[in-house]
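Structure record follows, encoded as C-alpha cells.
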Amino acid sequence: APRGKRQRFVDKNGRCNVQHGNLGGETSRYLSDLFTTLVDLKWRWNLFIFILTYTVAWLFMASMWWVIAYMRGDLNKAHDDSYTPCVANVYNFPSAFLFFIETEATIGYGYRYITDKCPEGIILFLFQSILGSIVDAFLIGCMFIKMSQPKKRAETLMFSEHAAISMRDGKLTLMFRVGNLRNSHMVSAQIRCKLLKSRQTPEGEFLPLDQLELDVGFSTGADQLFLVSPLTICHVIDAKSPFYELSQRSMHTEQFEIVVILEGIVETTGMTCQARTSYTEDEVLWGHRFFPVISLEEGFFKVDYSQFHATFEVPTPPYSVKEQEEMLLMSSPLIPPAVSNSKERNNSVECLDGLDEVGTKLPSKLQKITGRDDFPKKLLRMSSTTSEKAYSMGDLPMKLQRISSVPGNSEEKLGSKTTKMLSDPMSQSVAELPPKLQKLSGGGGRMEGNLPPKLRKMNSDRFT
C-alpha cells in the first residue's frame, strides 16, 4: 500500500528542514555577527532594512541641521541680507533635509551651503561624512555579498529525480545522476553522500538521524568529478556498505534518506558553491538503469537533457548482497580435496614403515617366518613406486637393487615382468654366493635355518 508523505531532512532543492527553537539567551549571538545575520536574511527583509536604515539616518541628520538653525535663530532671519546664518537658505525642515541630501550625495547645487560663522555646523558636517561612509559600507557591502552568493549557481546543477539499484560490473550498485547546465565549469568538484537512518545502539540509545558515510569512490578518487557532461555516481554495495542487507523486499519496510552534497568552485567568480539533494526509500528504483544522454554529432558531443531523469528496467536479482553470498556458499558442494597419488604413496610408505617396526619387535619364530622364499616378492611389490622402492632396496640382494634402480621400470612393466624378476635375479644372486652357501640354498628349505650361526646372527642384526 502506498505510504504517506515522508518528512524529509533535506528537500529536493537542497533546503534543510531544521528549525532552531528555545534558544533563550543564545539570540545575542546573532547580534554579535550582525553582518552574517543580515546576509543570511531573506531578500524582503534585506530590502526593508536597507530602506529603513537610510531613511532613519537621513531624517536624523536632517533634524540635526534643523535644530542648529532653530537654536541660532536662522529660521527667523533667513531673509535678512545683513545676517550670516549657519547654513544659507535654510528656512524650515524640508530645506534642512534638502541640504543634507545634497551634502550626502555630493550633488551640491550651490544654493544652500555652510558658512564659516557656524563651528557647530562644521563638527556636524564631519560627523555626517563619517556616519554616511559607515552606513554605505555596511549596507552596500551586505547587498553586494548577498547578490554575489553562489546559491543561484547551485540551481544550474541538476540531480536525477530518482536513484537506481542494478548490477554494474557484476556488483550490485546504487546509482544516481548529476549534471551541469552551464558551460562554465565547476573547479575541483567533489561529491559526498550521507545515509540518514534511525537506529538503536546495543546500549539502548535511540539515534533518530544517525549519519553514515556512503563510499562513492573516495578510496579510488572517483569522487573528484570532471563535471563537463552528466555523470552517473555509483556506490558499490558490499560487506562494508550500509545497504549490505538491503533487498527489494526489505525496501518496503525500510526508512532511510540519502543526502547528496556536491561542492566545487565557480569558475567565473572563484567562490565555493554547494548543491544538495536527497533520495528517500520511495525514490530508489530497484532493477533500473539510466538512459544514455550523450551522443556524438558532427565535431561535438551533444547532451540530451530530456532523458536526464529517464530510467528503464534491467534484470536484477531481488536479493540482498548478503543473501546472494549465502546462497552462493550453500550451492557450492563441500567436497574435501582429493589426495594425490604421491600423498597416498607416502602414506602407504609410512604404514609400511610402521609395519616394519612392528615386525622387528616380533618373537624370533615369527621373525624366521619373514625369511621365507616369498619375502622378496613382497619387497618387489613394495618397490612398485619410487618412495616404496627406496624403502625396500636395502633388503634386496645387490643384483636386485641394481635392477630396481634402472629408470623406466614403471608399474606397468613390473606387473608384466614379475615372474621373470622373481626367477632370474634370484638365480643370479645365488650364483654369486660361495659354494657352501650355494649348496645350502639349493636344498629348497629355509635358507636361514641352514646358515652357520655367525651368518644367522648377522642376518638377525640386519633386520633389527
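Identifiers in the C-alpha cells: chain A, B, ... in order shown; residue index from 1 per chain; ligand index from 1 in order shown.
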
Do a neighbour search on Ile140 (chain A) at 12 Å with only C-alpha atoms, toss out local chain neighbours closer than 6 positions, and write the hits as a PyMOL selection string.
-> chain A and resi 35+38-39+46-47+49-51+53-54+132-134+146-147

Could you please write out, as an MDAnalysis selection string, every residue of region 20-250 of chain A that DSSP assigns to alpha helix (DSSP H)?
-> chainID A and resid 28:32 34:40 43:72 93:104 119:147 151:154

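Using only C-alpha atoms, the contacts of His79 (chain A) at a cut-off of 12 Å, with sequence neighbours closer than 5 positions omitted, comprise Gly73, Asp74, Thr84, Pro85, Ala88, Asn89, Val90 and Tyr91 of chain A.
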
Could you state the separation of CA of Phe290 (chain A) and CA of Val228 (chain A) in Å, given to one decimal place?
->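 Straight-line distance from CA of Phe290 (chain A) to CA of Val228 (chain A) works out to 18.0 Å.
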
Counting only C-alpha atoms, which residues of region 230-274 of chain A fall within 7 Å of region 194-209 of chain A, and what is the closest atom pair for each with its distance in Å at one decimal, ordered by chain and rising number, as a Markdown table?
| residue | atom | partner | partner_atom | distance |
| --- | --- | --- | --- | --- |
| A:Gln255 | CA | A:Lys197 | CA | 6.8 |
| A:Phe256 | CA | A:Lys197 | CA | 4.8 |
| A:Glu257 | CA | A:Leu196 | CA | 5.1 |
| A:Ile258 | CA | A:Leu195 | CA | 4.7 |
| A:Val259 | CA | A:Lys194 | CA | 5.1 |
| A:Val260 | CA | A:Lys194 | CA | 6.6 |

File dump, residues just selected, all heavy atoms, as a PDB file, in the first residue's frame:
ATOM      1  N   GLN A 255      13.159   2.657   6.215  1.00  0.00           N
ATOM      2  CA  GLN A 255      13.016   4.113   6.154  1.00  0.00           C
ATOM      3  C   GLN A 255      14.404   4.723   6.257  1.00  0.00           C
ATOM      4  O   GLN A 255      15.064   4.602   7.294  1.00  0.00           O
ATOM      5  CB  GLN A 255      12.109   4.637   7.268  1.00  0.00           C
ATOM      6  CG  GLN A 255      10.637   4.349   7.069  1.00  0.00           C
ATOM      7  CD  GLN A 255       9.766   5.111   8.055  1.00  0.00           C
ATOM      8  OE1 GLN A 255      10.268   5.798   8.939  1.00  0.00           O
ATOM      9  NE2 GLN A 255       8.458   4.989   7.899  1.00  0.00           N
ATOM     10  N   PHE A 256      14.830   5.351   5.185  1.00  0.00           N
ATOM     11  CA  PHE A 256      16.135   5.991   5.165  1.00  0.00           C
ATOM     12  C   PHE A 256      16.100   7.155   4.183  1.00  0.00           C
ATOM     13  O   PHE A 256      15.138   7.310   3.404  1.00  0.00           O
ATOM     14  CB  PHE A 256      17.235   4.985   4.772  1.00  0.00           C
ATOM     15  CG  PHE A 256      17.034   4.350   3.421  1.00  0.00           C
ATOM     16  CD1 PHE A 256      17.481   4.975   2.252  1.00  0.00           C
ATOM     17  CD2 PHE A 256      16.403   3.127   3.315  1.00  0.00           C
ATOM     18  CE1 PHE A 256      17.291   4.390   1.019  1.00  0.00           C
ATOM     19  CE2 PHE A 256      16.217   2.522   2.089  1.00  0.00           C
ATOM     20  CZ  PHE A 256      16.667   3.158   0.938  1.00  0.00           C
ATOM     21  N   GLU A 257      17.120   7.959   4.225  1.00  0.00           N
ATOM     22  CA  GLU A 257      17.248   9.114   3.328  1.00  0.00           C
ATOM     23  C   GLU A 257      18.715   9.272   2.952  1.00  0.00           C
ATOM     24  O   GLU A 257      19.587   9.276   3.816  1.00  0.00           O
ATOM     25  CB  GLU A 257      16.722  10.386   3.999  1.00  0.00           C
ATOM     26  CG  GLU A 257      16.724  11.605   3.084  1.00  0.00           C
ATOM     27  CD  GLU A 257      16.077  12.813   3.725  1.00  0.00           C
ATOM     28  OE1 GLU A 257      15.517  12.662   4.833  1.00  0.00           O
ATOM     29  OE2 GLU A 257      16.140  13.914   3.137  1.00  0.00           O
ATOM     30  N   ILE A 258      18.955   9.372   1.664  1.00  0.00           N
ATOM     31  CA  ILE A 258      20.309   9.539   1.135  1.00  0.00           C
ATOM     32  C   ILE A 258      20.492  11.010   0.780  1.00  0.00           C
ATOM     33  O   ILE A 258      19.797  11.532  -0.098  1.00  0.00           O
ATOM     34  CB  ILE A 258      20.539   8.648  -0.097  1.00  0.00           C
ATOM     35  CG1 ILE A 258      20.269   7.183   0.251  1.00  0.00           C
ATOM     36  CG2 ILE A 258      21.942   8.825  -0.630  1.00  0.00           C
ATOM     37  CD1 ILE A 258      20.276   6.273  -0.952  1.00  0.00           C
ATOM     38  N   VAL A 259      21.393  11.675   1.455  1.00  0.00           N
ATOM     39  CA  VAL A 259      21.682  13.089   1.210  1.00  0.00           C
ATOM     40  C   VAL A 259      22.935  13.186   0.339  1.00  0.00           C
ATOM     41  O   VAL A 259      23.979  12.627   0.682  1.00  0.00           O
ATOM     42  CB  VAL A 259      21.880  13.855   2.527  1.00  0.00           C
ATOM     43  CG1 VAL A 259      22.204  15.317   2.248  1.00  0.00           C
ATOM     44  CG2 VAL A 259      20.633  13.741   3.393  1.00  0.00           C
ATOM     45  N   VAL A 260      22.810  13.881  -0.785  1.00  0.00           N
ATOM     46  CA  VAL A 260      23.907  14.046  -1.741  1.00  0.00           C
ATOM     47  C   VAL A 260      24.388  15.487  -1.664  1.00  0.00           C
ATOM     48  O   VAL A 260      23.572  16.427  -1.725  1.00  0.00           O
ATOM     49  CB  VAL A 260      23.465  13.688  -3.166  1.00  0.00           C
ATOM     50  CG1 VAL A 260      24.621  13.834  -4.140  1.00  0.00           C
ATOM     51  CG2 VAL A 260      22.898  12.281  -3.209  1.00  0.00           C
TER      52      VAL A 260
END

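When only C-alpha atoms are used to measure the gap to Leu181 (chain A), the shortest distance among A:Ser229, A:Ser160, A:Asn13, A:Thr55 belongs to A:Ser229.
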